[in-house]
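File shown: model-v3.txt (compact mmCIF, C-alpha atoms).
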# COMPACT_ATOMS: atom_id res chain seq x y z
CA MET A 169 -302.41 264.01 40.38
CA ILE A 170 -301.15 260.57 40.85
CA SER A 171 -298.27 260.15 43.19
CA LEU A 172 -296.88 256.76 43.91
CA LEU A 173 -293.74 255.85 45.75
CA ILE A 174 -292.68 252.33 46.39
CA HIS A 175 -290.00 251.43 48.86
CA ALA A 176 -288.43 248.25 47.59
CA ASN A 177 -286.81 245.78 49.93
CA SER A 178 -283.28 246.02 51.17
CA LEU A 179 -282.03 243.58 48.54
CA SER A 180 -283.30 245.36 45.49
CA GLN A 181 -283.07 248.92 46.77
CA ILE A 182 -285.11 250.00 43.80
CA ARG A 183 -286.95 253.17 44.63
CA TYR A 184 -289.26 254.88 42.29
CA LYS A 185 -291.59 257.79 42.33
CA CYS A 186 -294.23 258.66 39.81
CA ASN A 187 -294.95 262.32 39.89
CA GLY A 188 -297.95 263.00 37.73
CA VAL A 189 -296.95 266.63 37.17
CA GLY A 190 -293.77 265.81 35.27
CA PHE A 191 -295.45 263.32 33.04
CA ARG A 192 -298.64 265.26 32.44
CA ASN A 193 -296.61 268.13 31.10
CA ARG A 194 -295.15 265.83 28.49
CA SER A 195 -296.55 266.57 25.05
CA VAL A 196 -297.39 263.02 24.03
CA PRO A 197 -300.95 261.76 23.66
CA ALA A 198 -302.13 259.08 26.06
CA LEU A 199 -302.57 256.62 23.24
CA ASP A 200 -298.89 256.93 22.33
CA PHE A 201 -297.86 256.05 25.82
CA GLU A 202 -300.14 253.03 25.90
CA GLN A 203 -298.71 251.90 22.57
CA LEU A 204 -295.21 252.45 23.89
CA VAL A 205 -295.92 250.29 26.95
CA GLU A 206 -297.63 247.66 24.82
CA GLN A 207 -294.69 247.53 22.42
CA PHE A 208 -291.86 247.35 24.92
CA TYR A 209 -292.96 246.18 28.35
CA THR A 210 -292.56 242.48 27.57
CA SER A 211 -289.03 242.69 26.23
CA LEU A 212 -288.03 245.24 28.88
CA TYR A 213 -289.30 242.87 31.57
CA ARG A 214 -287.38 239.94 30.08
CA PHE A 215 -284.21 242.01 29.91
CA ALA A 216 -284.78 243.21 33.49
CA LEU A 217 -285.29 239.60 34.62
CA SER A 218 -281.99 238.60 33.02
CA LEU A 219 -280.28 241.36 35.01
CA THR A 220 -281.99 241.04 38.39
CA ARG A 221 -282.81 237.30 38.19
CA GLU A 222 -285.83 237.99 40.39
CA PRO A 223 -289.35 238.49 38.95
CA CYS A 224 -290.53 241.12 41.45
CA GLU A 225 -287.41 243.22 41.02
CA ALA A 226 -287.68 242.84 37.24
CA ALA A 227 -291.28 244.09 37.35
CA ASP A 228 -290.25 247.04 39.55
CA LEU A 229 -287.36 247.85 37.21
CA THR A 230 -289.65 247.73 34.17
CA GLN A 231 -292.14 250.08 35.80
CA GLN A 232 -289.33 252.36 36.95
CA THR A 233 -288.14 252.60 33.32
CA PHE A 234 -291.52 253.85 32.18
CA PHE A 235 -291.58 256.32 35.08
CA LEU A 236 -288.24 257.63 33.89
CA TRP A 237 -289.68 257.92 30.40
CA ALA A 238 -292.61 259.85 31.89
CA SER A 239 -290.33 262.42 33.46
CA ARG A 240 -287.48 262.62 30.94
CA GLY A 241 -288.62 260.95 27.74
CA HIS A 242 -289.93 264.21 26.27
CA GLN A 243 -286.32 265.41 26.03
CA LEU A 244 -285.66 262.78 23.38
CA ARG A 245 -285.65 264.46 19.96
CA GLU A 246 -285.42 261.40 17.72
CA GLN A 247 -288.41 259.09 17.99
CA SER A 248 -286.36 256.33 16.35
CA LYS A 249 -284.23 256.19 19.51
CA VAL A 250 -287.07 255.38 21.89
CA LYS A 251 -286.17 251.69 22.10
CA ALA A 252 -282.50 252.44 22.75
CA TRP A 253 -283.50 255.05 25.35
CA LEU A 254 -285.73 252.61 27.24
CA PHE A 255 -283.25 249.74 27.30
CA THR A 256 -280.33 252.01 28.17
CA SER A 257 -282.31 253.64 30.99
CA LEU A 258 -283.33 250.26 32.36
CA TYR A 259 -279.72 249.06 32.32
CA ARG A 260 -278.42 252.24 33.99
CA GLU A 261 -281.13 252.01 36.62
CA PHE A 262 -280.13 248.41 37.29
CA LEU A 263 -276.46 249.41 37.67
CA ARG A 264 -277.44 252.26 39.98
CA SER A 265 -279.50 249.98 42.23
CA GLU A 266 -276.71 247.36 42.19
CA ARG A 267 -274.15 249.93 43.31
CA GLN A 268 -276.48 251.01 46.09
CA ARG A 269 -277.11 247.41 47.10
CA VAL A 270 -273.40 246.59 47.23
CA ARG A 271 -272.73 249.73 49.29
CA GLU A 272 -275.42 248.87 51.79
CA SER A 273 -275.29 245.10 52.07
CA GLY A 274 -272.04 243.89 50.52
CA SER A 275 -272.24 241.04 48.02
CA GLU A 276 -273.79 238.38 50.23
CA ASP A 277 -276.93 237.93 48.17
CA GLN A 278 -275.69 235.71 45.37
CA VAL A 279 -276.74 232.47 47.00
CA SER A 280 -280.15 233.70 48.14
CA GLU A 281 -280.93 235.09 44.70
CA LEU A 282 -280.16 231.79 43.05
CA GLU A 283 -282.39 230.01 45.52
CA CYS A 284 -285.31 232.06 44.22
CA LEU A 285 -284.89 230.75 40.69
CA PRO A 286 -287.21 228.05 39.40
CA THR A 287 -285.76 224.58 39.82
CA ALA A 288 -284.53 222.95 36.64
CA ALA A 289 -286.64 220.21 35.14
CA ASN A 290 -285.30 216.69 34.61
CA HIS A 291 -284.52 217.51 31.02
CA LEU A 292 -283.37 220.62 29.19
CA ASP A 293 -286.70 222.36 28.97
CA GLY A 294 -287.38 226.09 28.81
CA ASP A 295 -286.86 226.62 32.55
CA ALA A 296 -283.46 224.93 32.43
CA VAL A 297 -282.34 227.01 29.47
CA VAL A 298 -283.47 230.25 31.05
CA ARG A 299 -281.88 229.24 34.33
CA ALA A 300 -278.59 228.50 32.59
CA LEU A 301 -278.75 231.92 30.95
CA LEU A 302 -279.47 233.60 34.28
CA ASP A 303 -276.59 231.72 35.90
CA LEU A 304 -274.06 233.37 33.59
CA GLU A 305 -271.96 236.24 34.90
CA GLU A 306 -273.53 239.64 34.36
CA MET A 307 -270.86 240.64 31.80
CA TYR A 308 -272.15 237.85 29.51
CA ARG A 309 -275.75 237.76 30.66
CA ALA A 310 -276.64 241.32 29.67
CA PRO A 311 -275.38 241.27 26.05
CA LEU A 312 -276.57 237.70 25.50
CA SER A 313 -280.07 238.45 26.78
CA LEU A 314 -280.38 241.42 24.43
CA PHE A 315 -279.04 239.27 21.61
CA TYR A 316 -281.62 236.53 22.21
CA LEU A 317 -284.45 239.04 22.54
CA GLN A 318 -283.56 239.63 18.86
CA GLU A 319 -284.63 243.27 18.92
CA HIS A 320 -281.09 244.64 19.10
CA SER A 321 -278.23 244.49 16.66
CA TYR A 322 -274.73 244.15 18.10
CA LYS A 323 -274.30 247.91 17.55
CA GLU A 324 -277.47 248.67 19.53
CA ILE A 325 -276.34 246.29 22.29
CA ALA A 326 -273.03 248.17 22.44
CA GLU A 327 -274.90 251.47 22.71
CA THR A 328 -277.27 250.19 25.39
CA LEU A 329 -274.53 248.70 27.54
CA ASN A 330 -272.08 251.52 26.77
CA LEU A 331 -269.44 249.08 25.53
CA PRO A 332 -267.21 249.03 22.43
CA VAL A 333 -268.63 246.96 19.54
CA GLY A 334 -265.67 244.56 19.64
CA THR A 335 -266.23 243.87 23.34
CA VAL A 336 -269.90 243.11 22.72
CA MET A 337 -269.07 240.63 19.95
CA SER A 338 -266.50 238.89 22.14
CA ARG A 339 -268.89 238.70 25.06
CA ILE A 340 -271.68 237.27 22.93
CA SER A 341 -269.31 234.67 21.53
CA ARG A 342 -267.84 233.71 24.93
CA GLY A 343 -271.21 233.94 26.63
CA LYS A 344 -272.66 231.43 24.19
CA ALA A 345 -269.73 229.08 24.80
CA ARG A 346 -270.37 229.28 28.56
CA LEU A 347 -274.07 228.77 28.04
CA ARG A 348 -273.38 225.61 26.05
CA GLU A 349 -271.05 224.33 28.77
CA GLN A 350 -273.70 225.02 31.40
CA LEU A 351 -276.39 223.21 29.41
CA VAL A 352 -274.12 220.22 28.80
CA ASN A 353 -273.32 220.06 32.53
CA ASP A 354 -277.01 220.25 33.40
CA ALA A 355 -277.79 217.47 30.92
CA GLN A 356 -275.03 215.26 32.35
CA GLN A 357 -276.22 215.84 35.90
CA ASN A 358 -279.74 214.90 34.92
CA ILE A 359 -278.53 211.70 33.27
CA GLU A 360 -276.55 210.81 36.40
CA LYS A 361 -279.59 211.49 38.58
CA ARG A 362 -281.74 209.23 36.43
CA GLU A 363 -279.15 206.45 36.57
CA MET A 364 -279.03 206.72 40.36
CA VAL A 365 -282.81 206.49 40.50
CA MET B 228 -260.18 236.27 7.55
CA THR B 229 -259.44 233.23 9.72
CA ILE B 230 -262.13 230.76 10.73
CA GLU B 231 -261.89 231.91 14.35
CA GLU B 232 -262.40 235.54 13.33
CA ALA B 233 -265.39 234.57 11.19
CA LYS B 234 -266.88 232.59 14.08
CA ARG B 235 -266.49 235.50 16.46
CA ILE B 236 -268.30 237.81 14.04
CA LEU B 237 -271.01 235.32 13.11
CA ALA B 238 -271.73 234.61 16.78
CA ALA B 239 -273.39 238.04 16.87
CA TYR B 240 -275.57 237.30 13.84
CA ARG B 241 -279.14 237.18 15.12
CA PRO B 242 -281.09 233.95 14.56
CA GLY B 243 -283.99 235.76 12.91
CA ASP B 244 -281.93 236.90 9.90
CA GLN B 245 -282.40 240.59 10.79
CA ASP B 246 -278.68 241.15 10.17
CA ARG B 247 -278.48 239.75 6.64
CA LEU B 248 -278.08 243.24 5.14
CA ASP B 249 -275.47 244.39 7.66
CA SER B 250 -272.18 244.82 5.80
CA HIS B 251 -270.24 243.88 8.92
CA PHE B 252 -271.31 240.26 8.47
CA ALA B 253 -270.92 240.16 4.67
CA GLU B 254 -267.36 238.88 4.52
CA ALA B 255 -267.89 236.29 7.25
CA LEU B 256 -271.07 235.06 5.54
CA LEU B 257 -269.16 234.78 2.27
CA GLU B 258 -266.57 232.73 4.09
CA THR B 259 -269.24 230.19 5.09
CA GLU B 260 -269.85 229.53 1.40
CA ARG B 261 -266.16 228.81 0.85
CA ASN B 262 -265.43 226.80 3.96
CA ALA B 263 -267.45 223.63 4.65
CA GLU B 264 -266.35 223.39 8.29
CA LEU B 265 -267.38 226.99 8.96
CA SER B 266 -270.64 226.41 7.13
CA ARG B 267 -271.44 223.40 9.34
CA TRP B 268 -270.51 225.33 12.49
CA PHE B 269 -272.70 228.27 11.45
CA ALA B 270 -275.69 226.02 10.76
CA GLU B 271 -275.36 224.43 14.21
CA GLU B 272 -274.85 227.83 15.81
CA ARG B 273 -278.01 229.18 14.23
CA GLU B 274 -280.01 226.16 15.32
CA PHE B 275 -278.74 226.60 18.89
CA ASP B 276 -279.52 230.34 18.79
CA ARG B 277 -283.03 229.77 17.48
CA ALA B 278 -283.74 227.30 20.27
CA ILE B 279 -282.45 229.64 23.00
CA ALA B 280 -284.25 232.65 21.51
CA GLY B 281 -287.46 230.61 21.50
CA HIS B 282 -287.09 229.85 25.20
CA VAL B 283 -286.21 233.46 26.05
CA SER B 284 -289.24 234.76 24.17
CA SER B 285 -291.49 232.40 26.12
CA VAL B 286 -290.41 233.71 29.53
CA HIS B 287 -293.59 234.43 31.44
CA VAL B 288 -294.36 238.11 32.07
CA PRO B 289 -296.28 238.72 35.33
CA PHE B 290 -299.99 239.03 34.89
CA GLY B 291 -301.15 242.61 35.28
CA LEU B 292 -297.77 244.28 34.76
CA LYS B 293 -298.97 246.33 31.81
CA THR B 294 -302.14 247.32 33.68
CA ARG B 295 -300.07 248.33 36.68
CA ILE B 296 -297.79 250.52 34.57
CA LEU B 297 -300.68 252.17 32.76
CA ALA B 298 -302.64 252.64 35.98
CA ASN B 299 -299.78 254.46 37.65
CA VAL B 300 -298.64 256.62 34.76
CA THR B 301 -301.49 258.30 32.91
CA PRO B 302 -300.45 260.96 30.42
CA ARG B 303 -302.71 263.76 29.28
CA ALA B 304 -303.48 264.29 25.62
CA ASP B 305 -301.36 266.81 23.74
CA THR B 306 -302.65 270.28 22.88
CA LYS B 307 -302.26 271.60 19.37
CA SER B 308 -300.94 275.06 19.97
CA ARG B 309 -299.64 277.37 22.62
CA TRP B 310 -302.87 279.34 22.45
CA LEU B 311 -304.95 276.26 23.06
CA ALA B 312 -302.52 275.15 25.73
CA ALA B 313 -302.84 278.48 27.51
CA LEU B 314 -306.63 278.30 27.21
CA ALA B 315 -306.67 274.76 28.53
CA ALA B 316 -304.36 275.72 31.39
CA THR B 317 -306.64 278.61 32.34
CA ALA B 318 -309.70 276.38 32.19
CA ALA B 319 -307.91 273.74 34.23
CA ALA B 320 -306.87 276.32 36.82
CA LEU B 321 -310.46 277.57 37.10
CA PHE B 322 -311.76 274.04 37.33
CA PHE B 323 -309.17 273.21 39.98
CA LEU B 324 -310.15 276.32 41.94
CA ALA B 325 -313.82 275.38 41.70
CA GLN B 326 -313.00 271.87 42.88
CA LEU B 327 -310.98 273.25 45.76
CA ILE B 328 -313.83 275.46 46.87
CA SER B 329 -316.25 272.59 46.41
CA VAL B 330 -314.14 270.28 48.56
CA TRP B 331 -313.74 272.96 51.17
CA ARG B 332 -317.48 273.54 51.30
CA ASP B 333 -318.50 269.96 51.12
CA SER B 334 -316.03 267.44 52.42
CA GLY B 335 -318.45 264.65 51.55
CA LYS B 336 -317.51 264.78 47.88
CA HIS B 337 -314.44 262.81 46.80
CA SER B 338 -312.43 262.40 43.63
CA VAL B 339 -310.75 259.11 44.47
CA SER B 340 -313.03 256.13 44.77
CA LEU B 341 -312.59 253.10 46.95
CA SER B 342 -312.64 251.07 43.76
CA ASP B 343 -309.57 252.99 42.47
CA TYR B 344 -307.78 252.23 45.69
CA GLU B 345 -308.76 248.55 45.67
CA GLN B 346 -307.69 248.08 42.06
CA GLU B 347 -304.34 249.81 42.54
CA MET B 348 -303.55 247.81 45.67
CA MET B 349 -304.61 244.56 43.98
CA SER B 350 -302.20 245.29 41.13
CA PHE B 351 -299.40 245.28 43.70
CA VAL B 352 -300.30 242.22 45.72
CA LYS B 353 -300.91 240.14 42.60
CA LEU B 354 -297.25 240.47 41.62
CA PRO B 355 -296.37 239.89 44.70
CA PRO B 356 -294.24 242.75 46.09
CA PRO B 357 -290.94 242.18 47.94
CA LEU B 358 -291.20 242.87 51.65
CA GLU B 359 -289.14 245.60 53.27
CA MET B 360 -289.23 243.95 56.66
CA GLU B 361 -289.56 240.23 57.31
CA SER B 362 -290.53 238.69 60.62
CA LEU B 363 -292.53 235.74 61.88
CA GLN B 364 -293.75 237.80 64.83
CA MET B 365 -296.18 240.67 64.93
CA ALA B 366 -294.42 242.73 67.64
CA PRO B 367 -291.31 243.64 65.57
CA ILE B 368 -293.54 244.33 62.56
CA LYS B 369 -295.67 246.73 64.60
CA GLN B 370 -292.55 248.42 65.94
CA TRP B 371 -291.10 248.79 62.41
CA ILE B 372 -294.37 250.33 61.19
CA ALA B 373 -294.62 252.66 64.19
CA GLU B 374 -291.05 253.89 63.65
CA ARG B 375 -292.01 254.92 60.15
CA LYS B 376 -295.24 256.53 61.33
CA ALA B 377 -297.17 254.40 58.84
CA PRO B 378 -300.85 253.57 59.45
CA LEU B 379 -301.56 250.67 61.75
CA ALA B 380 -305.10 249.61 62.60
CA GLU B 381 -306.29 246.83 64.87
CA ILE B 382 -305.38 243.49 63.29
CA PRO B 383 -308.49 241.37 62.64
CA PRO B 384 -308.47 238.15 64.73
CA GLY B 385 -308.69 235.97 61.60
CA VAL B 386 -305.27 237.05 60.30
CA ALA B 387 -303.79 237.77 63.73
CA ALA B 388 -304.15 234.04 64.45
CA VAL B 389 -301.84 233.01 61.59
CA GLU B 390 -298.11 233.45 61.11
CA THR B 391 -296.75 236.77 59.86
CA MET B 392 -294.34 237.06 56.95
CA GLY B 393 -293.41 240.72 57.04
CA CYS B 394 -294.48 244.11 55.85
CA ARG B 395 -293.86 246.88 53.40
CA ILE B 396 -295.00 250.46 52.85
CA LEU B 397 -296.68 251.39 49.58
CA TYR B 398 -298.00 254.80 48.63
CA PHE B 399 -301.42 255.75 47.27
CA ARG B 400 -301.94 259.33 46.10
CA GLY B 401 -299.14 260.40 48.43
CA TYR B 402 -300.57 258.60 51.47
CA PRO B 403 -298.59 255.72 53.02
CA VAL B 404 -300.29 252.32 52.84
CA THR B 405 -299.12 249.65 55.25
CA LEU B 406 -299.02 246.16 53.79
CA ILE B 407 -298.69 243.27 56.24
CA CYS B 408 -298.49 239.72 54.87
CA PHE B 409 -299.68 236.66 56.75
CA CYS B 410 -299.02 233.06 55.80
CA HIS B 411 -301.33 230.14 56.48
CA GLY B 412 -300.08 226.98 54.75
CA GLN B 413 -299.97 227.84 51.04
CA THR B 414 -302.26 230.83 51.44
CA VAL B 415 -301.00 234.38 51.87
CA ALA B 416 -303.34 237.03 53.25
CA HIS B 417 -302.44 240.67 52.53
CA LEU B 418 -303.69 243.30 54.96
CA LEU B 419 -303.57 246.85 53.60
CA ILE B 420 -304.16 249.85 55.86
CA VAL B 421 -304.45 253.46 54.73
CA ASP B 422 -305.55 256.63 56.47
CA ARG B 423 -309.17 257.51 55.70
CA ALA B 424 -307.97 260.92 54.51
CA ALA B 425 -306.60 259.18 51.41
CA LEU B 426 -310.17 258.37 50.39
CA PRO B 427 -312.17 261.54 51.08
CA GLY B 428 -315.83 261.09 51.79
CA LEU B 429 -315.52 257.47 52.87
CA LYS B 430 -317.74 256.77 55.86
CA PRO B 431 -317.10 254.14 58.57
CA THR B 432 -318.75 250.80 57.84
CA SER B 433 -320.27 248.37 60.26
CA SER B 434 -319.25 245.26 58.34
CA PRO B 435 -316.65 244.41 55.68
CA ALA B 436 -317.64 244.45 52.02
CA VAL B 437 -316.55 241.15 50.48
CA ALA B 438 -315.85 241.01 46.75
CA SER B 439 -314.26 238.67 44.22
CA GLN B 440 -311.68 239.75 41.66
CA GLY B 441 -310.87 236.77 39.47
CA ASP B 442 -309.26 234.15 41.72
CA TRP B 443 -308.92 236.66 44.52
CA THR B 444 -311.28 237.58 47.33
CA THR B 445 -311.14 240.92 49.12
CA ALA B 446 -312.80 242.37 52.18
CA THR B 447 -312.81 246.12 52.76
CA TRP B 448 -313.98 248.01 55.81
CA VAL B 449 -313.57 251.48 57.26
CA ASP B 450 -313.24 252.51 60.89
CA GLN B 451 -313.00 255.99 62.38
CA ARG B 452 -309.41 256.44 61.27
CA TYR B 453 -308.41 253.85 58.68
CA ALA B 454 -309.62 252.09 55.56
CA CYS B 455 -308.55 248.45 55.71
CA MET B 456 -308.53 245.75 53.08
CA ILE B 457 -307.61 242.09 53.14
CA ALA B 458 -306.81 240.37 49.84
CA VAL B 459 -306.52 236.59 49.67
CA HIS B 460 -305.76 234.48 46.61
CA ASP B 461 -308.56 232.05 47.32
CA LYS B 462 -312.28 231.52 46.93
CA PRO B 463 -314.66 233.54 49.17
CA ALA B 464 -315.61 230.51 51.25
CA ALA B 465 -311.98 229.81 52.15
CA ALA B 466 -310.95 233.47 52.43
CA ARG B 467 -313.69 234.44 54.90
CA GLN B 468 -311.80 232.92 57.84
CA TYR B 469 -309.31 235.82 57.61
CA PHE B 470 -311.88 238.58 57.40
CA PRO B 471 -313.36 240.45 60.35
CA HIS B 472 -316.70 239.08 61.49
CA THR B 473 -319.77 240.87 60.30
Target encoding structure tokens, full file:
Amino acid sequence: MISLLIHANSLSQIRYKCNGVGFRNRSVPALDFEQLVEQFYTSLYRFALSLTREPCEAADLTQQTFFLWASRGHQLREQSKVKAWLFTSLYREFLRSERQRVRESGSEDQVSELECLPTAANHLDGDAVVRALLDLEEMYRAPLSLFYLQEHSYKEIAETLNLPVGTVMSRISRGKARLREQLVNDAQQNIEKREMV
Amino acid sequence: MTIEEAKRILAAYRPGDQDRLDSHFAEALLETERNAELSRWFAEEREFDRAIAGHVSSVHVPFGLKTRILANVTPRADTKSRWLAALAATAAALFFLAQLISVWRDSGKHSVSLSDYEQEMMSFVKLPPPLEMESLQMAPIKQWIAERKAPLAEIPPGVAAVETMGCRILYFRGYPVTLICFCHGQTVAHLLIVDRAALPGLKPTSSPAVASQGDWTTATWVDQRYACMIAVHDKPAAARQYFPHT
């Protein structure tokens, strides 16, 4: 039996335990699980990164989601809901760890988290765009990340984030407007820097 | 429908055209054919969305993440009926009993190999894991580890001579594994210590076994109580300075 428990750092407070017994009792062939991981781990990681803004925590959160699937996924009756189950579980797990983090350390981590992000390039390249997306407030970041992953309709985003459909549409619309503003500001700052040089 | 309402709805229209059959967007899409300003806005919006989606889909996923997930969660194949399941369970129970007796009679046999342990630990340090405790000094790190009753072996002089970063406790097959990170310039050396009981049958070694795993170099050795491993993201020639002397 495989048993693995990782104590995450005080910032992330993500704790996970893989108990082989629970998963081995699940009536799903190994190949299915491998296919499931293959199909979703990339997009789950990208969604997790948009939430945590820290690669290690995003990787932990992605693995934790599959652990949850291992212990509870067999309860899911409709196979068509696997994607929704995985993304919803990841989001709930993120909220749970955030609540724990706030309880234990207050909200002093915002600055340090941003310092971990890759520095923006001198022009609006991929890093700058992703950074601008990660800089958005969580209320816009989560729906917008799912929207740009392109695997979720606005209805599925609403289901995953447990929000009304109208709220999701508004947040996508406003989130995009803020993203544009951020990118324009970044571009202007880069132009000013070049002129100074 | 006003232009603002149409814009709010169309903002949620995915750039890949997956939503073209969704009736919710039908009226707003029709409006783009009637209104030139809305049509222009929608074209620009879609171009912007495509560009952002392209960047999001190119976000790098850590190397080895899939392997790590699959290594830590291994499901068993399904059985076709209750009868077969019962039969399999009985066989498994008998096998387990036989194994238990075998282990009891001959502690030299082991089911977990050193290679399993090395690979699982490498999957963690390659990511690299967040530290639970950070300190530039060894004394507070040792105290933190001792308080948690985690394994702590003698630190090899090669890594003891460089600055510490911190530590963390991982678990392997239920046994705590102490991870201490050391920093030397741009190089990080990871020292992993686990009780020998986690790797049954492993005998003490007189010198470390050095191996290469891609860009990484590892050294593993076993004393009377612990199995230790140092993993360095460097070539063997450069990594050897951190390893215990043969």
- Query: Quick one: residues within 10 Å of Arg214 of chain A, all atoms listed in the file counted, chain neighbours fewer than 2 positions away excluded, as a PyMOL selection string?
  - Reply: (chain A and resi 209-212+216-221+223+226-227+230+313-314+317) or (chain B and resi 283-288)
- Taking into account only C-alpha atoms, which residue in the set B:Phe399, B:Phe269, B:Phe409, B:Tyr453 is nearest to chain A?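 For chain A, the nearest of the candidates is B:Phe399.
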Can you tell me which residues surround Arg346 of chain A at a distance of at most 12 Å, considering only C-alpha atoms, apart from same-chain residues fewer than 2 positions away, and format the answer as a CSV table (one decimal) with C-alpha atoms, keeping the file's coordinate frame?
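Result written to part05.csv:
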chain,number,residue,atom,x,y,z
A,300,ALA,CA,-278.6,228.5,32.6
A,301,LEU,CA,-278.8,231.9,31.0
A,302,LEU,CA,-279.5,233.6,34.3
A,303,ASP,CA,-276.6,231.7,35.9
A,304,LEU,CA,-274.1,233.4,33.6
A,305,GLU,CA,-272.0,236.2,34.9
A,307,MET,CA,-270.9,240.6,31.8
A,308,TYR,CA,-272.2,237.8,29.5
A,309,ARG,CA,-275.8,237.8,30.7
A,312,LEU,CA,-276.6,237.7,25.5
A,339,ARG,CA,-268.9,238.7,25.1
A,340,ILE,CA,-271.7,237.3,22.9
A,341,SER,CA,-269.3,234.7,21.5
A,342,ARG,CA,-267.8,233.7,24.9
A,343,GLY,CA,-271.2,233.9,26.6
A,344,LYS,CA,-272.7,231.4,24.2
A,348,ARG,CA,-273.4,225.6,26.0
A,349,GLU,CA,-271.0,224.3,28.8
A,350,GLN,CA,-273.7,225.0,31.4
A,351,LEU,CA,-276.4,223.2,29.4
A,352,VAL,CA,-274.1,220.2,28.8
A,353,ASN,CA,-273.3,220.1,32.5
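Separating atom CA of Phe275 of chain B from atom CA of Arg261 of chain B is a distance of 22.1 Å.
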- Identify, on the basis of only C-alpha atoms, every residue whose closest approach to Thr445 of chain B does not exceed 7 Å; exclude the query and any residue fewer than 6 positions from it along the same chain; express the result as a list in words.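 The neighbour list is Val437, Ala438, Ser439, Met456, Ile457, Ala458 and Val459 of chain B.
Residue nearest Arg375 of chain B, chosen from B:Gly441, B:Pro427, B:Pro403, B:Pro242 and counting all atoms listed in the file: B:Pro403.
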- Item | Radius query 12 Å about (-300.7, 230.7, 65.8), atoms used: all atoms listed in the file, as a ChimeraX atom specification | /B:363-365,384-391,409-412
Selected residues written out with C-alpha atoms, as a tab-separated table (two decimals), keeping the file's coordinate frame:
chain	number	residue	atom	x	y	z
B	363	LEU	CA	-292.53	235.74	61.88
B	364	GLN	CA	-293.75	237.80	64.83
B	365	MET	CA	-296.18	240.67	64.93
B	384	PRO	CA	-308.47	238.15	64.73
B	385	GLY	CA	-308.69	235.97	61.60
B	386	VAL	CA	-305.27	237.05	60.30
B	387	ALA	CA	-303.79	237.77	63.73
B	388	ALA	CA	-304.15	234.04	64.45
B	389	VAL	CA	-301.84	233.01	61.59
B	390	GLU	CA	-298.11	233.45	61.11
B	391	THR	CA	-296.75	236.77	59.86
B	409	PHE	CA	-299.68	236.66	56.75
B	410	CYS	CA	-299.02	233.06	55.80
B	411	HIS	CA	-301.33	230.14	56.48
B	412	GLY	CA	-300.08	226.98	54.75
- Taking only C-alpha atoms into account, which of A:Glu272, A:Phe215, A:Ser257, A:Thr233 comes nearest Phe315 of chain A? A:Phe215
- Query: Out of A:Glu324, A:Glu363, A:Asp354, A:Glu225, which residue has the shortest atom-to-atom distance to Ala239 of chain B when counting all atoms listed in the file?
  - Reply: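 For Ala239 of chain B, the nearest of the given residues is A:Glu324.
Computed from the coordinates, the atom CA of Asp442 of chain B to atom CA of Gly291 of chain B distance equals 13.4 Å.
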- Give me, please, the distance in Å between atom CA of Arg423 of chain B and atom CA of Ser340 of chain B, quoted to one decimal.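 Computed distance, atom CA of Arg423 of chain B to atom CA of Ser340 of chain B, equals 11.7 Å.
Counting all atoms listed in the file, the residue from A:Ala252, A:Asn358, A:Glu306, A:Arg245 that sits nearest to Lys323 of chain A is A:Ala252.
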- Message: Measuring between all atoms listed in the file, which one of B:Ala270, B:Leu419, B:Leu297, B:Leu256 shows the shortest distance to Ala238 of chain A?
- Response: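 That would be B:Leu297, the residue with the smallest distance to Ala238 of chain A.
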Complete segment 423-431 of chain B with N, CA and C atoms (output as a compact mmCIF listing (two decimals), keeping the file's coordinate frame).
# COMPACT_ATOMS: atom_id res chain seq x y z
N ARG B 423 -307.91 257.18 56.39
CA ARG B 423 -309.17 257.51 55.70
C ARG B 423 -309.06 258.77 54.86
N ALA B 424 -308.13 259.65 55.24
CA ALA B 424 -307.97 260.92 54.51
C ALA B 424 -307.56 260.67 53.05
N ALA B 425 -307.00 259.49 52.79
CA ALA B 425 -306.60 259.18 51.41
C ALA B 425 -307.82 258.96 50.52
N LEU B 426 -308.94 258.65 51.14
CA LEU B 426 -310.17 258.37 50.39
C LEU B 426 -311.27 259.29 50.90
N PRO B 427 -311.22 260.57 50.53
CA PRO B 427 -312.17 261.54 51.08
C PRO B 427 -313.62 261.12 50.88
N GLY B 428 -314.41 261.36 51.91
CA GLY B 428 -315.83 261.09 51.79
C GLY B 428 -316.22 259.69 52.21
N LEU B 429 -315.22 258.85 52.50
CA LEU B 429 -315.52 257.47 52.87
C LEU B 429 -316.03 257.44 54.31
N LYS B 430 -317.17 256.80 54.51
CA LYS B 430 -317.74 256.77 55.86
C LYS B 430 -317.45 255.42 56.53
N PRO B 431 -317.35 255.41 57.87
CA PRO B 431 -317.10 254.14 58.57
C PRO B 431 -318.20 253.12 58.25
